[in-house]
Amino acid sequence: MIHLEKKANWVRNQVLEMTASAKKGHIGGAFSAIDVLVALYYGGFLRFNPSEPAWEDRDRFILSKGHSTLALYVILADLGFTSWDAFKTYGQNGSFLGAHPDHAIPGIEVDSGSLGNGLGMGAGMALAAKMDQKPVRTVVLLGDGECYEGAIWEAVMFAGHHGLNNLIAIVDRNGQCVTDYTEDCNRLEPFTAKWEACGWEVLSIDGHSFAEIGQALDHGRNRSTQRPLLINAKTIKGKGVSFMEGALEWHHSVPNGEKLVRARRELTWTE
Amino acid sequence: MSRSITYRDAINEAILQEMKRDERVFVYGIDVADHKRIFGSTRGLVETFGPERCFSTPLSEDALTGMALGAAVNGLRPILVHMRVDFMLLGMNQIANMISSFRYGSGGLVNVPLVIRAVIGRGWGQSYQHSKTMHASFAHIPGIKVVMPATPYDAKGMLISAIRDDNPVIFIEHRWLYDAYGEVPEEPYTEPLSQAKVLRSGKDITIVATSWMNVEAVKAAEVLSKAGISAEVIDARSISPFDETVIVDSVKKTGHCIVIDDDWIHCGFGAEVAARVSEQCFGNLKSPVERMGYAATPCPCARPLENLFYPNAVSLIKKIENKFDLEPIDLTGEDFYSYEKKFRGPF
């Protein structure tokens, strides 16, 4: 477990530095999703091959909340999908690493960031895997603000109806959208009951606890049900840096000066 | 009294004055009341009118658009704002299947007084989901008015007309125009939603432009005048309804017509202008009507490709040089507009 925590801390540091140097990035939503991403990629859940990104039997991962892509770039570079040299060009002229995921980047399945589209695509991939009788799992990471989009709920019903038990949706339930708290902007609760009503199995976990994320993913690996699985990961936007945590302005603010120094200090790893 | 204000402030003032005049008017949409206030255009509204008449909404465009229809047919006058037209397409079912035909379906008994403001245009590097214009697509649907003012004066006058109109109006604003200054009367006034307007008079060629392309066209006309070409620039302004009278009169005078449109060429507004001019100026035309616009590709992200994708003053000048078989005009020392070098007006 400690290696995952350490890795997540390292990813947060990289995201912080790249946001500061490129002067762009959605740091708050990246920080809330990093522990889930690290667990998926380093915890042995997702099956992939960095030297063969298009391997046919790979698990499919869709970062539907594409604004958090900087965290995914760090992980893909670390795992060898892209080089560190390429990663360091993020946000610069000439770079192929833009502010949102692009399927031209090795390891990224689909363009995303236009919110509301990921779960529908994921449901299609899961359905395709079933039709092809492939042991492929599809995981879609959604933002909770993204769940305002009607298209999400159309996909939720579709997946439930078709018994897509090879589909896992993880919602980064940090309780915030761009400029507001979700329960103030447009109430999402009772959130998980809506998924359950559409035929999904639901697990609610602490999205910053590797023990809980790991248990949920283990469960996702060994299920006998026909239902798709929602992992409702309760998280904190800006997790890891005290002044960013739960603060609306850190959706896409760029840390500099004293704020950057403080963030670096708070993200210093101590054994 | 008239004074010089920006396009952004002209829009803001139109909404403010109309909300003061008519308590049925309200404004809403994603980020309408957030700290950036739709590039500043909804500034001060929530402070003046409170959150009941100015409020931000979640990402649920289809529902938001339906809500505008519901409010409008029940006596209110909603203004729905989309910071990017690209995501307005999520409400296209409501627009194309419900809003546009509601009055028709009621046998003319029910008015649909709503305005949908759509911000278009590029920052730079914004690629294919942040830079569409879509006016031709909207204008293709009967029952909706589609306007795209280019000047601060028109922005205010046409927005007031749109708010007072009893029909749905899609009001399209290019981001790069927001910093342009122009003379705008303080008091409320209306501008027609159906007439093109001559921005610059000329006698040798008619350039019909939409939205930001008016800036490029006027700049091109200035440069061309040094080479002895007198270009008339016409701001189409109203895509639907489209009254071609001003354009037809101009082409009858000049004999040449180029349309420079802020949209894809294929099946676009330029084709509509070309068809009407061909029909009505057949004997007067000295050359075929030409169209400039976007290539049939999604908007690219890289700057060099973007520069090729968008028509501009330089490509327009080249086009007209070819048409008149001119020697290439020396463009050194000419200052063209870009993301970094904003047009600040006046026209």
# chains A, B, ... in the order shown; residues from 1 in each chain; ligands from 1
$ residues_around --residues "region 11-27 of chain B" --least-positions-apart "4" --cutoff "6 Å" --atoms "only C-alpha atoms" --output "list in words"
Ser41, Thr42, Arg53, Cys54, Leu76, Arg77, Pro78, Ile79, Leu80, Ala155, Lys156 and Ile160 of chain B
$ closest_atom_pairs --of "chain A" --to "chain B" --cutoff "12 Å" --atoms "only C-alpha atoms" --output "JSON lines"
{"residue": "A:Gly91", "atom": "CA", "partner": "B:Gly125", "partner_atom": "CA", "distance": 10.3}
{"residue": "A:Gln92", "atom": "CA", "partner": "B:Ala302", "partner_atom": "CA", "distance": 10.6}
{"residue": "A:Asn93", "atom": "CA", "partner": "B:Ala302", "partner_atom": "CA", "distance": 7.8}
{"residue": "A:Gly94", "atom": "CA", "partner": "B:Ala302", "partner_atom": "CA", "distance": 7.2}
{"residue": "A:Ser95", "atom": "CA", "partner": "B:Ala302", "partner_atom": "CA", "distance": 9.1}
{"residue": "A:Phe96", "atom": "CA", "partner": "B:Ala302", "partner_atom": "CA", "distance": 9.3}
{"residue": "A:Leu97", "atom": "CA", "partner": "B:Cys301", "partner_atom": "CA", "distance": 11.3}
{"residue": "A:Gly98", "atom": "CA", "partner": "B:Gly125", "partner_atom": "CA", "distance": 9.1}
{"residue": "A:Ala99", "atom": "CA", "partner": "B:Gln126", "partner_atom": "CA", "distance": 9.6}
{"residue": "A:His100", "atom": "CA", "partner": "B:Gln126", "partner_atom": "CA", "distance": 10.5}
{"residue": "A:Asp102", "atom": "CA", "partner": "B:Cys301", "partner_atom": "CA", "distance": 11.6}
{"residue": "A:Asp111", "atom": "CA", "partner": "B:Gln129", "partner_atom": "CA", "distance": 10.7}
{"residue": "A:Ser112", "atom": "CA", "partner": "B:Gln129", "partner_atom": "CA", "distance": 10.3}
{"residue": "A:Gly113", "atom": "CA", "partner": "B:Gln129", "partner_atom": "CA", "distance": 9.5}
{"residue": "A:Ser114", "atom": "CA", "partner": "B:Gln129", "partner_atom": "CA", "distance": 7.6}
{"residue": "A:Leu115", "atom": "CA", "partner": "B:Leu59", "partner_atom": "CA", "distance": 8.3}
{"residue": "A:Gly116", "atom": "CA", "partner": "B:Leu59", "partner_atom": "CA", "distance": 8.8}
{"residue": "A:Asn117", "atom": "CA", "partner": "B:Leu90", "partner_atom": "CA", "distance": 11.1}
{"residue": "A:Gly143", "atom": "CA", "partner": "B:Leu59", "partner_atom": "CA", "distance": 11.7}
{"residue": "A:Asp144", "atom": "CA", "partner": "B:Leu59", "partner_atom": "CA", "distance": 10.8}
{"residue": "A:Gly145", "atom": "CA", "partner": "B:Leu59", "partner_atom": "CA", "distance": 7.5}
{"residue": "A:Glu146", "atom": "CA", "partner": "B:Leu59", "partner_atom": "CA", "distance": 7.0}
{"residue": "A:Cys147", "atom": "CA", "partner": "B:Leu59", "partner_atom": "CA", "distance": 8.2}
{"residue": "A:Tyr148", "atom": "CA", "partner": "B:Leu59", "partner_atom": "CA", "distance": 5.4}
{"residue": "A:Glu149", "atom": "CA", "partner": "B:Ser60", "partner_atom": "CA", "distance": 4.9}
{"residue": "A:Gly150", "atom": "CA", "partner": "B:Ser60", "partner_atom": "CA", "distance": 6.4}
{"residue": "A:Ala151", "atom": "CA", "partner": "B:Ser60", "partner_atom": "CA", "distance": 9.1}
{"residue": "A:Ile152", "atom": "CA", "partner": "B:Ser60", "partner_atom": "CA", "distance": 10.4}
{"residue": "A:Trp153", "atom": "CA", "partner": "B:Ser60", "partner_atom": "CA", "distance": 11.4}
{"residue": "A:Gln176", "atom": "CA", "partner": "B:Pro58", "partner_atom": "CA", "distance": 11.1}
{"residue": "A:Cys177", "atom": "CA", "partner": "B:Pro58", "partner_atom": "CA", "distance": 8.3}
{"residue": "A:Val178", "atom": "CA", "partner": "B:Asp31", "partner_atom": "CA", "distance": 8.6}
{"residue": "A:Thr179", "atom": "CA", "partner": "B:Asp34", "partner_atom": "CA", "distance": 6.5}
{"residue": "A:Asp180", "atom": "CA", "partner": "B:Asp34", "partner_atom": "CA", "distance": 8.7}
{"residue": "A:Tyr181", "atom": "CA", "partner": "B:Pro58", "partner_atom": "CA", "distance": 10.5}
{"residue": "A:Thr182", "atom": "CA", "partner": "B:Pro58", "partner_atom": "CA", "distance": 8.6}
{"residue": "A:Glu183", "atom": "CA", "partner": "B:Pro58", "partner_atom": "CA", "distance": 10.7}
{"residue": "A:Asp184", "atom": "CA", "partner": "B:Pro58", "partner_atom": "CA", "distance": 10.1}
{"residue": "A:Cys185", "atom": "CA", "partner": "B:Pro58", "partner_atom": "CA", "distance": 6.4}
{"residue": "A:Asn186", "atom": "CA", "partner": "B:Pro58", "partner_atom": "CA", "distance": 6.3}
{"residue": "A:Arg187", "atom": "CA", "partner": "B:Pro58", "partner_atom": "CA", "distance": 9.7}
{"residue": "A:Leu188", "atom": "CA", "partner": "B:Pro58", "partner_atom": "CA", "distance": 10.7}
{"residue": "A:Leu248", "atom": "CA", "partner": "B:His35", "partner_atom": "CA", "distance": 10.9}
{"residue": "A:Glu249", "atom": "CA", "partner": "B:His35", "partner_atom": "CA", "distance": 9.6}
$ write_last_selection --atoms "C-alpha atoms" --output "mmCIF file, in the first residue's frame"
data_model
loop_
_atom_site.group_PDB
_atom_site.id
_atom_site.type_symbol
_atom_site.label_atom_id
_atom_site.label_comp_id
_atom_site.auth_asym_id
_atom_site.auth_seq_id
_atom_site.Cartn_x
_atom_site.Cartn_y
_atom_site.Cartn_z
ATOM 1 C CA GLY A 91 1.117 22.700 -22.830
ATOM 2 C CA GLN A 92 3.899 24.097 -24.991
ATOM 3 C CA ASN A 93 3.783 25.033 -28.647
ATOM 4 C CA GLY A 94 4.456 22.002 -30.781
ATOM 5 C CA SER A 95 3.614 19.488 -28.069
ATOM 6 C CA PHE A 96 1.146 16.703 -28.730
ATOM 7 C CA LEU A 97 0.154 16.779 -25.079
ATOM 8 C CA GLY A 98 -2.663 19.271 -24.861
ATOM 9 C CA ALA A 99 -5.038 20.242 -22.091
ATOM 10 C CA HIS A 100 -7.351 17.322 -22.816
ATOM 11 C CA ASP A 102 -6.217 12.834 -27.355
ATOM 12 C CA ASP A 111 -10.530 12.090 -27.010
ATOM 13 C CA SER A 112 -12.350 13.357 -23.970
ATOM 14 C CA GLY A 113 -13.069 16.450 -21.977
ATOM 15 C CA SER A 114 -16.280 17.312 -23.738
ATOM 16 C CA LEU A 115 -18.194 16.226 -20.683
ATOM 17 C CA GLY A 116 -20.894 13.605 -20.707
ATOM 18 C CA ASN A 117 -19.557 11.469 -23.519
ATOM 19 C CA GLY A 143 -16.533 13.701 -12.654
ATOM 20 C CA ASP A 144 -19.559 14.311 -10.483
ATOM 21 C CA GLY A 145 -20.233 17.709 -12.091
ATOM 22 C CA GLU A 146 -20.157 15.823 -15.366
ATOM 23 C CA CYS A 147 -23.109 13.755 -14.158
ATOM 24 C CA TYR A 148 -25.353 16.736 -14.771
ATOM 25 C CA GLU A 149 -25.244 15.820 -18.436
ATOM 26 C CA GLY A 150 -28.287 13.863 -19.534
ATOM 27 C CA ALA A 151 -26.141 11.643 -21.741
ATOM 28 C CA ILE A 152 -24.613 10.085 -18.627
ATOM 29 C CA TRP A 153 -27.997 8.860 -17.472
ATOM 30 C CA GLN A 176 -17.648 20.365 -6.783
ATOM 31 C CA CYS A 177 -18.153 21.488 -10.354
ATOM 32 C CA VAL A 178 -16.242 24.337 -11.994
ATOM 33 C CA THR A 179 -17.580 27.208 -9.967
ATOM 34 C CA ASP A 180 -19.850 25.735 -7.336
ATOM 35 C CA TYR A 181 -20.559 22.855 -4.977
ATOM 36 C CA THR A 182 -22.647 20.201 -6.657
ATOM 37 C CA GLU A 183 -25.311 20.108 -3.976
ATOM 38 C CA ASP A 184 -25.786 23.872 -4.282
ATOM 39 C CA CYS A 185 -25.634 24.073 -8.065
ATOM 40 C CA ASN A 186 -28.017 21.240 -8.844
ATOM 41 C CA ARG A 187 -28.451 18.541 -6.215
ATOM 42 C CA LEU A 188 -27.094 15.144 -7.250
ATOM 43 C CA LEU A 248 -13.601 26.503 -5.647
ATOM 44 C CA GLU A 249 -10.899 28.690 -7.169
#
$ select_by_dssp --residues "region 87-309 of chain B" --states "strand (DSSP E)" --output "PyMOL selection string"
chain B and resi 115-120+145-147+169-174+181-185+197-200+205-209+231-235+238-240+257-264+290-294
$ residues_around --residues "Gly28 (chain A)" --least-positions-apart "4" --cutoff "7 Å" --atoms "only C-alpha atoms" --output "PyMOL selection string"
chain A and resi 32+237-238+244+250-252
$ residues_around --residues "Lys145 (chain B)" --least-positions-apart "6" --cutoff "7 Å" --atoms "only C-alpha atoms" --output "ChimeraX atom specification"
/B:168-170,240-241
$ closest_residue --among "B:Gly29, B:Gly255, B:Pro300, B:Gly75" --to "Phe282 (chain B)" --atoms "only C-alpha atoms"
B:Gly255
$ select_by_dssp --residues "region 79-156 of chain B" --states "alpha helix (DSSP H)" --output "PyMOL selection string"
chain B and resi 85-88+92-93+100-105+135-139+152-156
$ residues_around --residues "region 139-143 of chain B" --least-positions-apart "6" --cutoff "7 Å" --atoms "only C-alpha atoms" --output "PDB file with N, CA and C atoms, in the first residue's frame"
ATOM      1  N   ALA B  96     -34.140  22.632 -32.692  1.00  0.00           N
ATOM      2  CA  ALA B  96     -34.588  22.275 -34.047  1.00  0.00           C
ATOM      3  C   ALA B  96     -35.969  21.626 -34.062  1.00  0.00           C
ATOM      4  N   SER B 100     -38.111  25.994 -32.620  1.00  0.00           N
ATOM      5  CA  SER B 100     -38.301  26.580 -33.957  1.00  0.00           C
ATOM      6  C   SER B 100     -39.731  26.402 -34.455  1.00  0.00           C
ATOM      7  N   SER B 101     -40.381  25.343 -34.033  1.00  0.00           N
ATOM      8  CA  SER B 101     -41.683  25.016 -34.611  1.00  0.00           C
ATOM      9  C   SER B 101     -42.852  25.225 -33.653  1.00  0.00           C
ATOM     10  N   ILE B 239     -28.351  36.478 -40.586  1.00  0.00           N
ATOM     11  CA  ILE B 239     -28.225  35.285 -41.429  1.00  0.00           C
ATOM     12  C   ILE B 239     -29.616  34.752 -41.749  1.00  0.00           C
ATOM     13  N   SER B 240     -30.503  34.894 -40.781  1.00  0.00           N
ATOM     14  CA  SER B 240     -31.890  34.493 -41.009  1.00  0.00           C
ATOM     15  C   SER B 240     -32.803  35.331 -40.110  1.00  0.00           C
TER      16      SER B 240
END
$ residues_around --residues "Asn307 (chain B)" --least-positions-apart "6" --cutoff "12 Å" --atoms "only C-alpha atoms" --output "list in words"
Arg122, Trp124, Gly125, Tyr294, Ala295, Cys299, Pro300, Cys301, Ala313, Val314, Ser315, Tyr337, Ser338 and Tyr339 of chain B
$ residues_around --residues "Val171 (chain A)" --least-positions-apart "3" --cutoff "9 Å" --atoms "only C-alpha atoms" --output "PDB file with N, CA and C atoms, in the first residue's frame"
ATOM      1  N   VAL A 140     -14.488   3.582 -16.719  1.00  0.00           N
ATOM      2  CA  VAL A 140     -14.708   4.988 -17.080  1.00  0.00           C
ATOM      3  C   VAL A 140     -14.647   5.830 -15.812  1.00  0.00           C
ATOM      4  N   LEU A 141     -13.764   6.800 -15.809  1.00  0.00           N
ATOM      5  CA  LEU A 141     -13.682   7.712 -14.661  1.00  0.00           C
ATOM      6  C   LEU A 141     -14.448   8.992 -14.988  1.00  0.00           C
ATOM      7  N   LEU A 142     -15.480   9.234 -14.204  1.00  0.00           N
ATOM      8  CA  LEU A 142     -16.362  10.390 -14.433  1.00  0.00           C
ATOM      9  C   LEU A 142     -16.182  11.429 -13.334  1.00  0.00           C
ATOM     10  N   GLY A 143     -16.427  12.680 -13.681  1.00  0.00           N
ATOM     11  CA  GLY A 143     -16.533  13.701 -12.654  1.00  0.00           C
ATOM     12  C   GLY A 143     -17.964  13.745 -12.153  1.00  0.00           C
ATOM     13  N   ASP A 144     -18.164  14.244 -10.939  1.00  0.00           N
ATOM     14  CA  ASP A 144     -19.559  14.311 -10.483  1.00  0.00           C
ATOM     15  C   ASP A 144     -20.301  15.472 -11.137  1.00  0.00           C
ATOM     16  N   CYS A 147     -21.875  14.554 -14.224  1.00  0.00           N
ATOM     17  CA  CYS A 147     -23.109  13.755 -14.158  1.00  0.00           C
ATOM     18  C   CYS A 147     -24.371  14.615 -14.273  1.00  0.00           C
ATOM     19  N   ASN A 174     -16.090  14.502  -5.783  1.00  0.00           N
ATOM     20  CA  ASN A 174     -15.468  15.526  -4.942  1.00  0.00           C
ATOM     21  C   ASN A 174     -16.447  16.631  -4.544  1.00  0.00           C
ATOM     22  N   LEU A 230     -20.737   0.541 -10.229  1.00  0.00           N
ATOM     23  CA  LEU A 230     -20.360   1.930  -9.943  1.00  0.00           C
ATOM     24  C   LEU A 230     -19.504   1.949  -8.684  1.00  0.00           C
ATOM     25  N   ILE A 231     -18.335   2.545  -8.786  1.00  0.00           N
ATOM     26  CA  ILE A 231     -17.555   2.834  -7.582  1.00  0.00           C
ATOM     27  C   ILE A 231     -17.683   4.329  -7.327  1.00  0.00           C
ATOM     28  N   ASN A 232     -18.409   4.649  -6.291  1.00  0.00           N
ATOM     29  CA  ASN A 232     -18.635   6.058  -5.938  1.00  0.00           C
ATOM     30  C   ASN A 232     -17.510   6.463  -4.996  1.00  0.00           C
ATOM     31  N   ALA A 233     -16.501   7.113  -5.559  1.00  0.00           N
ATOM     32  CA  ALA A 233     -15.292   7.421  -4.784  1.00  0.00           C
ATOM     33  C   ALA A 233     -15.393   8.818  -4.189  1.00  0.00           C
ATOM     34  N   LYS A 234     -15.630   8.864  -2.893  1.00  0.00           N
ATOM     35  CA  LYS A 234     -15.736  10.175  -2.251  1.00  0.00           C
ATOM     36  C   LYS A 234     -14.338  10.772  -2.119  1.00  0.00           C
TER      37      LYS A 234
END
$ atom_distance --atom1 "CA of Arg58 (chain A)" --atom2 "CA of Thr89 (chain A)"
27.1 Å
$ atom_distance --atom1 "CA of Lys239 (chain A)" --atom2 "CA of Ile38 (chain B)"
28.4 Å
$ atom_distance --atom1 "CA of Lys318 (chain B)" --atom2 "CA of Leu224 (chain B)"
10.0 Å
$ closest_residue --among "B:Asp235, B:Glu279, B:Glu306, B:Glu290" --to "Thr151 (chain B)" --atoms "only C-alpha atoms"
B:Asp235
